[in-house]
$ cat protein_8.cif   # mmCIF, C-alpha atoms
data_target
loop_
_atom_site.label_atom_id
_atom_site.label_comp_id
_atom_site.auth_asym_id
_atom_site.auth_seq_id
_atom_site.Cartn_x
_atom_site.Cartn_y
_atom_site.Cartn_z
CA MET A 73 218.60 128.95 7.95
CA SER A 74 220.02 125.45 7.74
CA THR A 75 217.98 122.45 6.76
CA ASN A 76 218.21 121.26 10.32
CA GLU A 77 216.66 124.46 11.64
CA GLN A 78 213.89 124.36 9.07
CA VAL A 79 213.00 120.85 10.11
CA HIS A 80 212.73 121.75 13.78
CA SER A 81 211.01 125.08 13.29
CA ILE A 82 207.96 123.37 11.84
CA SER A 83 205.12 123.89 14.24
CA THR A 84 203.74 121.06 16.28
CA ARG A 85 200.19 120.43 17.43
CA LEU A 86 199.57 120.87 21.15
CA SER A 87 196.36 119.78 22.86
CA LEU A 88 195.45 120.97 26.35
CA ASN A 89 192.48 121.32 28.59
CA LEU A 90 192.77 125.04 29.19
CA ASP A 91 190.56 126.73 31.77
CA GLY A 92 188.03 123.93 31.43
CA THR A 93 187.94 123.75 27.64
CA ASP A 94 189.70 121.26 25.37
CA ARG A 95 191.89 123.32 23.05
CA THR A 96 194.37 122.60 20.30
CA ALA A 97 196.87 124.96 18.70
CA ASP A 98 199.92 124.82 16.47
CA VAL A 99 202.98 125.90 18.44
CA ASP A 100 206.65 126.35 17.71
CA PRO A 101 208.24 123.36 19.48
CA ARG A 102 210.85 125.71 20.96
CA SER A 103 208.20 127.71 22.84
CA LEU A 104 208.09 127.97 26.59
CA LEU A 105 204.69 126.99 27.94
CA VAL A 106 203.89 130.58 28.90
CA GLU A 107 204.64 131.72 25.35
CA ALA A 108 202.33 129.10 23.89
CA LEU A 109 199.55 130.00 26.33
CA ARG A 110 199.78 133.67 25.43
CA ASP A 111 200.68 133.63 21.74
CA ASP A 112 199.05 130.44 20.45
CA PHE A 113 196.09 129.95 22.80
CA GLY A 114 195.43 133.67 23.41
CA VAL A 115 195.31 133.37 27.20
CA THR A 116 197.29 136.34 28.42
CA ALA A 117 196.75 136.22 32.20
CA PRO A 118 200.13 134.54 32.75
CA LYS A 119 202.81 137.16 32.08
CA ILE A 120 206.41 136.86 30.98
CA GLY A 121 208.54 138.66 33.55
CA CYS A 122 211.98 137.19 34.10
CA ALA A 123 211.80 133.88 32.18
CA THR A 124 214.21 132.49 34.78
CA GLY A 125 211.73 131.16 37.35
CA ASP A 126 212.28 134.00 39.81
CA CYS A 127 209.29 136.33 39.52
CA GLY A 128 206.28 134.00 39.32
CA ALA A 129 204.30 136.19 36.89
CA CYS A 130 203.78 133.23 34.53
CA THR A 131 202.22 131.01 37.22
CA SER A 132 199.35 128.71 36.25
CA ARG A 133 198.06 125.45 37.67
CA VAL A 134 199.31 122.56 35.54
CA ASP A 135 197.87 119.12 36.33
CA GLY A 136 197.05 120.28 39.84
CA GLN A 137 200.43 121.84 40.67
CA ILE A 138 201.05 125.56 40.63
CA THR A 139 203.78 126.01 38.06
CA LYS A 140 206.08 128.70 36.75
CA THR A 141 205.23 128.11 33.11
CA CYS A 142 208.41 129.80 31.86
CA LEU A 143 210.29 126.75 33.20
CA ARG A 144 208.23 124.31 31.15
CA LEU A 145 208.62 123.58 27.48
CA ALA A 146 205.23 123.89 25.80
CA VAL A 147 205.62 120.46 24.18
CA SER A 148 206.09 118.89 27.63
CA ALA A 149 202.52 119.88 28.53
CA GLU A 150 200.77 117.78 25.87
CA GLY A 151 197.49 116.49 27.33
CA SER A 152 197.79 118.59 30.48
CA GLN A 153 194.99 120.25 32.36
CA ILE A 154 195.88 123.91 32.82
CA VAL A 155 194.09 126.56 34.85
CA THR A 156 195.12 130.20 34.56
CA THR A 157 193.74 133.04 36.66
CA GLN A 158 191.32 133.61 33.75
CA GLY A 159 189.70 130.29 34.63
CA LEU A 160 189.14 130.89 38.34
CA ALA A 161 185.91 132.89 38.22
CA GLU A 162 182.65 130.94 38.21
CA ASP A 163 179.50 132.39 36.62
CA GLY A 164 181.19 135.78 36.42
CA GLN A 165 182.00 135.78 40.13
CA LEU A 166 185.64 136.23 41.13
CA ASP A 167 186.86 133.52 43.48
CA VAL A 168 187.43 134.35 47.13
CA VAL A 169 191.13 135.17 46.70
CA GLN A 170 190.60 137.28 43.57
CA GLN A 171 187.79 139.22 45.26
CA ALA A 172 189.96 139.89 48.32
CA PHE A 173 192.78 141.21 46.11
CA TRP A 174 190.25 143.49 44.41
CA ASP A 175 188.75 144.74 47.67
CA GLU A 176 192.12 145.35 49.35
CA GLN A 177 193.54 147.07 46.25
CA ALA A 178 196.32 144.54 46.43
CA PHE A 179 197.68 145.20 42.97
CA GLN A 180 198.62 148.17 40.85
CA CYS A 181 199.80 147.00 37.44
CA GLY A 182 198.61 143.42 37.99
CA PHE A 183 201.67 141.82 36.43
CA CYS A 184 202.42 139.66 39.50
CA LEU A 185 198.79 138.67 40.09
CA SER A 186 198.92 135.15 38.62
CA GLY A 187 201.73 134.18 40.96
CA MET A 188 200.33 135.91 44.02
CA ILE A 189 196.81 134.55 43.59
CA PHE A 190 197.86 130.96 42.95
CA ALA A 191 200.40 131.04 45.80
CA ALA A 192 197.72 132.44 48.14
CA SER A 193 195.17 129.82 47.03
CA GLU A 194 197.70 127.07 47.61
CA LEU A 195 198.41 128.38 51.10
CA LEU A 196 194.75 128.68 52.06
CA ALA A 197 194.00 125.17 50.82
CA GLU A 198 196.50 123.84 53.35
CA ASN A 199 196.25 126.39 56.10
CA PRO A 200 192.93 128.19 56.52
CA ASP A 201 194.25 130.44 59.28
CA PRO A 202 197.75 131.55 58.29
CA SER A 203 199.86 134.04 60.23
CA ASP A 204 201.36 137.01 58.41
CA GLN A 205 204.67 135.16 58.47
CA ASP A 206 203.04 132.13 56.83
CA ILE A 207 201.59 134.43 54.15
CA ARG A 208 204.92 136.14 53.49
CA TRP A 209 206.69 132.80 53.15
CA ALA A 210 203.93 131.44 50.89
CA ILE A 211 204.24 134.33 48.41
CA SER A 212 208.05 134.39 48.55
CA GLY A 213 208.45 132.87 45.10
CA ASN A 214 206.73 135.88 43.54
CA LEU A 215 207.98 139.40 42.93
CA CYS A 216 205.81 142.54 42.90
CA ARG A 217 207.48 145.54 41.28
CA CYS A 218 204.86 147.99 42.50
CA THR A 219 206.03 147.48 46.12
CA GLY A 220 202.59 146.28 47.05
CA TYR A 221 203.47 143.51 49.48
CA GLU A 222 201.66 144.99 52.50
CA ALA A 223 198.39 145.16 50.57
CA ILE A 224 198.94 141.69 49.17
CA VAL A 225 199.43 140.25 52.66
CA ALA A 226 196.28 142.08 53.79
CA ALA A 227 194.36 140.60 50.86
CA VAL A 228 195.43 137.06 51.70
CA ARG A 229 194.45 137.67 55.33
CA THR A 230 191.02 138.89 54.19
CA ALA A 231 190.62 135.92 51.85
CA ALA A 232 191.44 133.57 54.74
CA VAL A 233 188.79 135.14 56.97
CA ARG A 234 186.16 135.00 54.22
CA GLN A 235 187.04 131.45 53.25
CA ARG A 236 186.57 130.30 56.83
CA GLU A 237 183.16 131.97 56.92
CA ILE A 238 181.75 130.46 53.73
CA PRO A 239 180.85 126.79 53.29
CA GLN A 240 183.35 124.94 51.13
CA ARG A 241 182.33 124.38 47.54
CA GLY A 242 181.60 120.88 46.29
CA MET B 224 211.46 131.38 22.86
CA ILE B 225 214.49 129.13 22.76
CA THR B 226 216.34 130.29 19.67
CA HIS B 227 218.20 127.14 18.76
CA PRO B 228 216.46 124.12 17.23
CA PHE B 229 216.22 120.92 19.23
CA VAL B 230 214.36 117.64 19.27
CA TYR B 231 212.23 117.03 22.36
CA ARG B 232 212.01 113.51 23.71
CA ALA B 233 210.10 112.32 26.76
CA PRO B 234 211.03 108.66 27.29
CA THR B 235 208.64 106.52 29.32
CA SER B 236 211.29 104.26 30.83
CA VAL B 237 214.91 104.35 31.97
CA ALA B 238 215.84 101.93 29.17
CA GLU B 239 214.35 104.25 26.56
CA ALA B 240 216.17 107.25 28.05
CA ILE B 241 219.49 105.38 27.91
CA GLU B 242 218.74 104.38 24.32
CA ILE B 243 218.07 107.98 23.27
CA LEU B 244 221.28 109.17 24.94
CA ALA B 245 223.24 106.41 23.17
CA GLU B 246 221.79 107.48 19.82
CA THR B 247 222.68 111.13 20.35
CA PRO B 248 226.15 111.23 21.91
CA GLY B 249 227.46 114.65 22.82
CA ILE B 250 224.40 116.63 21.75
CA SER B 251 221.73 115.66 24.27
CA ARG B 252 220.85 117.13 27.62
CA VAL B 253 218.63 115.64 30.30
CA ILE B 254 215.82 117.58 31.96
CA GLY B 255 214.80 116.64 35.51
CA GLY B 256 212.37 119.31 36.69
CA GLY B 257 213.48 121.90 34.14
CA THR B 258 214.09 124.73 36.59
CA TRP B 259 217.72 125.06 35.53
CA VAL B 260 218.08 123.52 32.07
CA VAL B 261 215.07 125.24 30.47
CA PRO B 262 216.05 128.83 31.38
CA GLU B 263 219.66 128.08 30.50
CA CYS B 264 218.56 127.05 27.00
CA ASN B 265 216.26 130.07 26.85
CA ARG B 266 219.24 132.34 27.63
CA ASP B 267 221.14 130.56 24.83
CA GLU B 268 223.81 129.46 27.30
CA SER B 269 223.27 125.84 26.36
CA ARG B 270 222.42 124.56 22.87
CA PRO B 271 221.63 120.85 23.09
CA GLY B 272 220.36 119.20 19.91
CA VAL B 273 218.15 116.85 21.90
CA LEU B 274 216.36 117.53 25.18
CA VAL B 275 215.55 114.33 27.05
CA ASP B 276 212.81 115.08 29.56
CA LEU B 277 212.52 112.48 32.34
CA ARG B 278 209.06 113.60 33.50
CA ARG B 279 207.35 110.54 32.02
CA ALA B 280 210.12 108.04 32.88
CA GLY B 281 208.51 106.93 36.14
CA LEU B 282 211.32 108.20 38.39
CA GLY B 283 209.27 110.46 40.67
CA GLY B 284 208.43 108.01 43.44
CA ILE B 285 209.63 107.70 47.03
CA ASP B 286 209.63 104.19 48.53
CA VAL B 287 211.08 102.32 51.45
CA VAL B 288 212.64 99.05 50.34
CA GLY B 289 213.88 97.02 53.29
CA ASP B 290 216.03 99.39 55.30
CA VAL B 291 216.62 101.85 52.45
CA VAL B 292 214.64 104.94 51.49
CA CYS B 293 214.67 105.24 47.69
CA VAL B 294 214.04 108.74 46.36
CA GLY B 295 213.43 108.77 42.61
CA ALA B 296 215.61 111.11 40.57
CA THR B 297 212.65 113.27 39.55
CA ALA B 298 210.96 113.37 42.98
CA THR B 299 210.12 117.01 43.56
CA TYR B 300 210.74 119.00 46.72
CA SER B 301 206.96 118.94 47.31
CA ALA B 302 207.06 115.14 47.15
CA LEU B 303 209.80 115.11 49.79
CA MET B 304 207.79 117.49 51.99
CA SER B 305 204.61 115.41 51.82
CA SER B 306 206.16 111.94 52.12
CA PRO B 307 205.54 110.25 55.51
CA ASP B 308 208.63 108.08 54.88
CA VAL B 309 210.83 111.16 54.40
CA ALA B 310 209.30 112.83 57.45
CA ARG B 311 210.05 109.75 59.55
CA HIS B 312 213.47 108.70 58.28
CA LEU B 313 214.94 111.78 56.58
CA PRO B 314 213.61 114.88 58.35
CA LEU B 315 216.73 116.80 57.32
CA LEU B 316 215.82 116.26 53.66
CA ALA B 317 212.25 117.49 54.31
CA ALA B 318 213.62 120.59 56.07
CA MET B 319 215.96 121.31 53.16
CA ALA B 320 213.08 120.92 50.68
CA SER B 321 210.74 123.22 52.61
CA GLY B 322 213.37 125.97 52.64
CA ILE B 323 214.45 126.01 49.02
CA THR B 324 214.35 129.28 47.14
CA GLY B 325 211.59 130.08 44.65
CA GLY B 326 208.36 129.44 46.48
CA ARG B 327 205.76 126.75 46.18
CA GLN B 328 206.01 126.59 42.42
CA ILE B 329 209.68 125.66 42.50
CA GLN B 330 209.03 123.14 45.26
CA SER B 331 206.58 121.44 42.91
CA GLN B 332 208.84 121.68 39.86
CA GLY B 333 212.42 121.34 41.10
CA THR B 334 213.83 117.89 41.76
CA VAL B 335 216.39 116.82 44.33
CA GLY B 336 218.00 114.58 41.70
CA GLY B 337 218.32 117.46 39.27
CA SER B 338 219.96 119.62 41.89
CA VAL B 339 222.46 116.87 42.73
CA VAL B 340 223.33 116.39 39.06
CA ALA B 341 223.62 120.15 38.48
CA ALA B 342 226.02 120.23 41.46
CA ARG B 343 225.90 123.98 41.72
CA PRO B 344 227.84 125.25 44.73
CA SER B 345 225.09 127.66 45.80
CA SER B 346 222.35 125.11 45.83
CA ASP B 347 220.53 123.58 48.79
CA ALA B 348 220.52 119.88 48.00
CA PRO B 349 224.17 118.77 47.63
CA ALA B 350 225.30 119.35 51.24
CA ALA B 351 222.12 117.86 52.70
CA VAL B 352 222.36 114.79 50.49
CA ALA B 353 226.05 114.40 51.42
CA ALA B 354 225.32 114.73 55.16
CA LEU B 355 222.75 111.94 54.85
CA ASP B 356 225.39 109.70 53.27
CA ALA B 357 223.34 109.12 50.12
CA THR B 358 224.13 106.62 47.43
CA LEU B 359 223.45 107.76 43.87
CA VAL B 360 222.14 105.01 41.61
CA ILE B 361 223.11 105.69 38.01
CA ALA B 362 221.97 103.89 34.88
CA GLY B 363 223.97 103.84 31.68
CA PRO B 364 224.72 101.78 28.58
CA ASP B 365 226.82 99.37 30.66
CA GLY B 366 224.20 98.85 33.35
CA GLU B 367 223.89 100.29 36.82
CA ARG B 368 226.56 101.76 39.07
CA ARG B 369 226.57 103.47 42.45
CA VAL B 370 228.39 106.55 43.65
CA THR B 371 228.81 107.68 47.25
CA GLY B 372 230.61 110.23 49.39
CA THR B 373 232.84 112.86 47.81
CA GLY B 374 232.55 111.00 44.47
CA MET B 375 229.05 112.46 44.09
CA PHE B 376 230.39 115.97 43.55
CA PRO B 377 233.63 116.03 41.51
CA ASP B 378 233.71 119.82 41.02
CA ALA B 379 231.58 122.98 40.87
CA SER B 380 228.66 122.50 38.46
CA THR B 381 230.16 119.17 37.41
CA SER B 382 228.14 116.02 37.88
CA CYS B 383 229.49 112.54 38.47
CA LEU B 384 227.48 111.28 35.49
CA ARG B 385 229.38 110.06 32.46
CA GLU B 386 228.29 110.43 28.86
CA GLY B 387 225.09 108.49 28.23
CA GLU B 388 224.14 108.06 31.88
CA ILE B 389 221.19 109.25 33.96
CA LEU B 390 220.60 109.37 37.68
CA THR B 391 217.71 107.06 38.53
CA ARG B 392 217.43 107.37 42.29
CA LEU B 393 219.05 108.38 45.56
CA GLU B 394 219.23 105.79 48.31
CA PHE B 395 219.43 106.58 52.00
CA ALA B 396 219.99 103.94 54.67
CA VAL B 397 217.35 103.96 57.39
CA ARG B 398 219.22 104.65 60.62
CA PRO B 399 218.07 104.78 64.21
CA ALA B 400 216.43 108.14 64.89
CA ALA B 401 219.30 110.58 64.86
CA ARG B 402 219.49 114.19 65.90
CA TRP B 403 220.00 116.51 62.99
CA GLY B 404 220.34 120.18 62.19
CA TYR B 405 220.16 122.34 59.09
CA TYR B 406 220.93 125.98 58.65
CA LYS B 407 220.94 128.14 55.54
CA LEU B 408 222.40 131.62 55.35
CA LYS B 409 221.00 133.82 52.59
CA ARG B 410 220.23 137.45 51.87
CA SER B 411 216.47 137.20 51.60
CA ALA B 412 213.66 134.74 50.95
CA SER B 413 214.29 134.87 47.21
CA SER B 414 218.08 134.61 47.41
CA TRP B 415 220.19 131.55 46.69
CA PRO B 416 221.97 130.27 49.79
CA ILE B 417 225.38 131.76 50.54
CA ALA B 418 226.27 128.97 52.94
CA THR B 419 224.48 125.95 54.41
CA ALA B 420 225.33 123.46 57.12
CA ALA B 421 223.73 120.04 57.49
CA CYS B 422 224.52 117.74 60.38
CA VAL B 423 223.34 114.28 61.31
CA LEU B 424 224.53 112.98 64.67
CA GLY B 425 224.52 109.46 66.05
CA GLU B 426 226.69 106.41 65.39
CA GLN B 427 228.27 107.88 62.26
CA PRO B 428 228.03 111.64 62.62
CA HIS B 429 228.31 113.89 59.59
CA LEU B 430 228.64 117.64 59.30
CA VAL B 431 228.69 118.96 55.74
CA LEU B 432 228.96 122.59 54.65
CA GLY B 433 227.38 123.76 51.39
CA GLY B 434 228.00 126.91 49.39
CA VAL B 435 231.34 127.66 51.04
CA SER B 436 233.44 125.74 48.55
CA ALA B 437 233.18 124.41 44.98
CA THR B 438 231.84 121.14 46.36
CA PRO B 439 230.26 120.17 49.70
CA VAL B 440 232.82 120.22 52.52
CA HIS B 441 232.82 117.19 54.82
CA VAL B 442 234.04 118.41 58.19
CA ASP B 443 236.42 115.94 59.82
CA LEU B 444 234.77 115.39 63.19
CA GLY B 445 237.49 113.12 64.53
CA PRO B 446 236.47 111.68 67.88
CA VAL B 447 234.72 114.90 68.93
CA LEU B 448 231.11 113.94 68.33
CA ALA B 449 231.14 110.14 68.31
CA ARG B 450 228.80 108.81 70.98
CA ARG B 451 229.07 112.00 72.97
CA PRO B 452 226.33 114.44 73.80
CA LEU B 453 226.57 117.93 72.39
CA THR B 454 227.98 120.26 75.00
CA PRO B 455 229.19 123.84 74.66
CA ASP B 456 232.71 122.41 74.52
CA THR B 457 232.04 119.84 71.81
CA ILE B 458 230.13 122.42 69.78
CA GLU B 459 233.03 124.87 70.14
CA GLU B 460 235.54 122.26 68.98
CA THR B 461 233.33 121.25 66.04
CA VAL B 462 232.82 124.85 64.95
CA ARG B 463 236.58 125.34 64.98
CA ARG B 464 237.04 122.24 62.83
CA ALA B 465 234.32 123.48 60.43
CA ALA B 466 235.98 126.86 60.01
CA ASP B 467 239.38 125.21 59.45
CA SER B 468 238.00 122.83 56.83
CA VAL B 469 237.27 125.53 54.24
CA SER B 470 240.60 125.68 52.45
CA THR B 471 239.46 127.20 49.15
CA PRO B 472 236.30 129.24 49.74
CA TRP B 473 233.84 129.66 46.89
CA GLU B 474 233.28 133.11 45.43
CA ASP B 475 230.44 134.36 43.26
CA GLU B 476 228.08 137.32 42.89
CA LEU B 477 226.40 136.49 46.20
CA ALA B 478 229.47 136.76 48.40
CA PRO B 479 233.27 136.98 48.20
CA ALA B 480 235.56 134.19 49.37
CA THR B 481 236.53 136.01 52.57
CA TYR B 482 232.89 136.28 53.58
CA ARG B 483 232.21 132.61 52.96
CA ALA B 484 235.29 131.61 54.95
CA ALA B 485 234.13 133.86 57.78
CA VAL B 486 230.58 132.46 57.96
CA ALA B 487 231.49 128.76 57.75
CA GLY B 488 231.96 128.47 61.52
CA PRO B 489 228.81 130.38 62.54
CA VAL B 490 226.66 128.48 60.04
CA ALA B 491 227.99 125.17 61.40
CA ARG B 492 227.28 126.38 64.93
CA ARG B 493 223.64 127.14 64.13
CA ALA B 494 223.08 123.68 62.64
CA LEU B 495 224.73 122.04 65.65
CA GLU B 496 222.70 124.13 68.08
CA MET B 497 219.54 123.04 66.29
CA ALA B 498 220.61 119.42 66.84
CA ALA B 499 221.49 120.17 70.47
CA HIS B 500 218.04 121.62 71.01
CA GLN B 501 216.52 118.35 69.73
CA GLU B 502 218.59 116.53 72.32
CA GLU B 503 217.07 118.58 75.10
CA SER B 504 213.49 118.21 73.93
#
$ encode --input "protein_8.cif" --output "structure tokens"
Amino acid sequence: MSTNEQVHSISTRLSLNLDGTDRTADVDPRSLLVEALRDDFGVTAPKIGCATGDCGACTSRVDGQITKTCLRLAVSAEGSQIVTTQGLAEDGQLDVVQQAFWDEQAFQCGFCLSGMIFAASELLAENPDPSDQDIRWAISGNLCRCTGYEAIVAAVRTAAVRQREIPQRG
Amino acid sequence: MITHPFVYRAPTSVAEAIEILAETPGISRVIGGGTWVVPECNRDESRPGVLVDLRRAGLGGIDVVGDVVCVGATATYSALMSSPDVARHLPLLAAMASGITGGRQIQSQGTVGGSVVAARPSSDAPAAVAALDATLVIAGPDGERRVTGTGMFPDASTSCLREGEILTRLEFAVRPAARWGYYKLKRSASSWPIATAACVLGEQPHLVLGGVSATPVHVDLGPVLARRPLTPDTIEETVRRAADSVSTPWEDELAPATYRAAVAGPVARRALEMAAHQEES
């Protein structure tokens, strides 16, 4: 290893608000954000699928925007507020989208769940009564390898119905 | 994990970005939204010594200044979709943004400026930006310069930026409400476009094809569309001109050259018919 590489392989301190808690960890400055979340912060809900921005398995909410965290350098997220699917439940209760995915058996291996759930939440925040076509377009940036799209669409439909029935939080 | 070592810099102004690039000639690479540069580095296809991330450089805004819409270089597709100014003055740009590949995440991460600089043939932004007659505003060590027309896209995956320069914004002249059309041909929702057509009609009509050649193809409309309503005859003549304008069709893993040459006319027709429909309504 050259001197140059040694210099830049020294870990750097990264501070985040992660799923509601202020956290700090030492990360390799060459890490993708998803790698830092998993390996350095121990939050493994976001998965590493393609690492090219195609599959959506690494999706988390970063500073309010749903984000494919394989397309972000970890060091670029200094000071960010990050929510993963591990941070969605409140008081042990799954949120409305998570619960609908559970009830509709909308996942098999669960690898794509972070992308599907955040994409569905984003859709329902803007459009409380989406058509199936709206749902399919909304999840189009996410790939499910278990061929579970029909069940996923059904789950988003169910979540939409339930969300319209319950009073909005906050 | 990116295997090669690099220094990460996130300048907070254009001046600082230009300074960093001047200090690191030949080894730095600029990140707009990161959707292309980051995975390219991760695949070890690019090994810059310095990554200059523009996310904190204050270039993400969209403003109307006088009769010009200024779109910051790091404005995301989501920003285009939610901007009332873009909806009012540049609906074609909003339509392009809402149809890009990769879902909501990429709309919130990808930048129109980044796509223009990347100048990839199979990308949505270049043809739409060309059809809207954009001006690229570029900052460098010698100050600011502007690039328009075919100068924006010198070659496939080749930007018009010189060493040490960054794109700061795209400018679009506010024109009287014009009919427009946009059509994108692709295999599936998650596919890159194979061919696109973007047209803006009115005083200075433009029809630009994307994906069919190394760079966006400006169709020579001659007198066909100037000040004339779209009729089946004018559409037919324009489609013929569009098909004839693809002299060296692009070829990649998505589609062979013969296919792209064959779809140029039909893709142009669909964009024109969209504009014609606006005329009726």
$ resolve_selection --input "protein_8.cif" --expression "the PyMOL selection byres ((chain B) within 7 of (chain A))" --output "list in words"
Met224, Ile225, Pro228, Phe229, Gly257, Thr258, Val261, Pro262, Gly325, Gly326, Arg327, Gln328, Ser331, Gln332, Ala412 and Ser413 of chain B
$ residues_around --input "protein_8.cif" --residues "stretch 291-294 of chain B" --least-positions-apart "2" --cutoff "12 Å" --atoms "all atoms listed in the file" --output "PyMOL selection string"
chain B and resi 281-289+296-300+302-303+306-313+316-317+334-336+352+355-360+390-398
$ resolve_selection --input "protein_8.cif" --expression "the PyMOL selection byres ((chain A and resi 157-168) around 10)" --output "CSV table (one decimal) with C-alpha atoms, in the coordinates of the input"
chain,number,residue,atom,x,y,z
A,90,LEU,CA,192.8,125.0,29.2
A,91,ASP,CA,190.6,126.7,31.8
A,92,GLY,CA,188.0,123.9,31.4
A,93,THR,CA,187.9,123.8,27.6
A,115,VAL,CA,195.3,133.4,27.2
A,116,THR,CA,197.3,136.3,28.4
A,117,ALA,CA,196.8,136.2,32.2
A,118,PRO,CA,200.1,134.5,32.8
A,131,THR,CA,202.2,131.0,37.2
A,132,SER,CA,199.4,128.7,36.2
A,133,ARG,CA,198.1,125.4,37.7
A,154,ILE,CA,195.9,123.9,32.8
A,155,VAL,CA,194.1,126.6,34.8
A,156,THR,CA,195.1,130.2,34.6
A,169,VAL,CA,191.1,135.2,46.7
A,170,GLN,CA,190.6,137.3,43.6
A,171,GLN,CA,187.8,139.2,45.3
A,172,ALA,CA,190.0,139.9,48.3
A,173,PHE,CA,192.8,141.2,46.1
A,174,TRP,CA,190.2,143.5,44.4
A,185,LEU,CA,198.8,138.7,40.1
A,186,SER,CA,198.9,135.2,38.6
A,187,GLY,CA,201.7,134.2,41.0
A,189,ILE,CA,196.8,134.6,43.6
A,190,PHE,CA,197.9,131.0,43.0
A,193,SER,CA,195.2,129.8,47.0
A,228,VAL,CA,195.4,137.1,51.7
A,230,THR,CA,191.0,138.9,54.2
A,231,ALA,CA,190.6,135.9,51.8
A,232,ALA,CA,191.4,133.6,54.7
A,233,VAL,CA,188.8,135.1,57.0
A,234,ARG,CA,186.2,135.0,54.2
A,235,GLN,CA,187.0,131.4,53.2
A,238,ILE,CA,181.8,130.5,53.7
$ residues_around --input "protein_8.cif" --residues "stretch 246-254 of chain B" --least-positions-apart "2" --cutoff "9 Å" --atoms "only C-alpha atoms" --output "list in words"
Ile241, Glu242, Ile243, Leu244, Gly256, Gly257, Thr258, Trp259, Val260, Val261, Arg270, Pro271, Gly272, Val273, Leu274, Val275, Asp276, Leu277, Arg278, Gly337, Glu386, Gly387 and Ile389 of chain B
$ atom_distance --input "protein_8.cif" --atom1 "atom CA of B:Ala280" --atom2 "atom CA of A:Gly151"
16.2 Å
$ atom_distance --input "protein_8.cif" --atom1 "atom CA of B:Thr235" --atom2 "atom CA of B:Ala353"
29.2 Å
$ residues_around --input "protein_8.cif" --residues "stretch 378-380 of chain B" --least-positions-apart "2" --cutoff "6 Å" --atoms "all atoms listed in the file" --output "PyMOL selection string"
chain B and resi 341-344+376+437-438
$ resolve_selection --input "protein_8.cif" --expression "the PyMOL selection byres ((chain B and resi 451) around 12)" --output "list in words"
Leu424, Gly425, Glu426, Gln427, Pro428, Leu444, Gly445, Pro446, Val447, Leu448, Ala449, Arg450, Pro452, Leu453, Thr454, Pro455, Asp456, Thr457, Ile458, Ala499 and Glu502 of chain B
$ closest_residue --input "protein_8.cif" --among "A:Gly136, A:Cys130, A:Met188, A:Ala149" --to "A:Thr96" --atoms "only C-alpha atoms"
A:Ala149
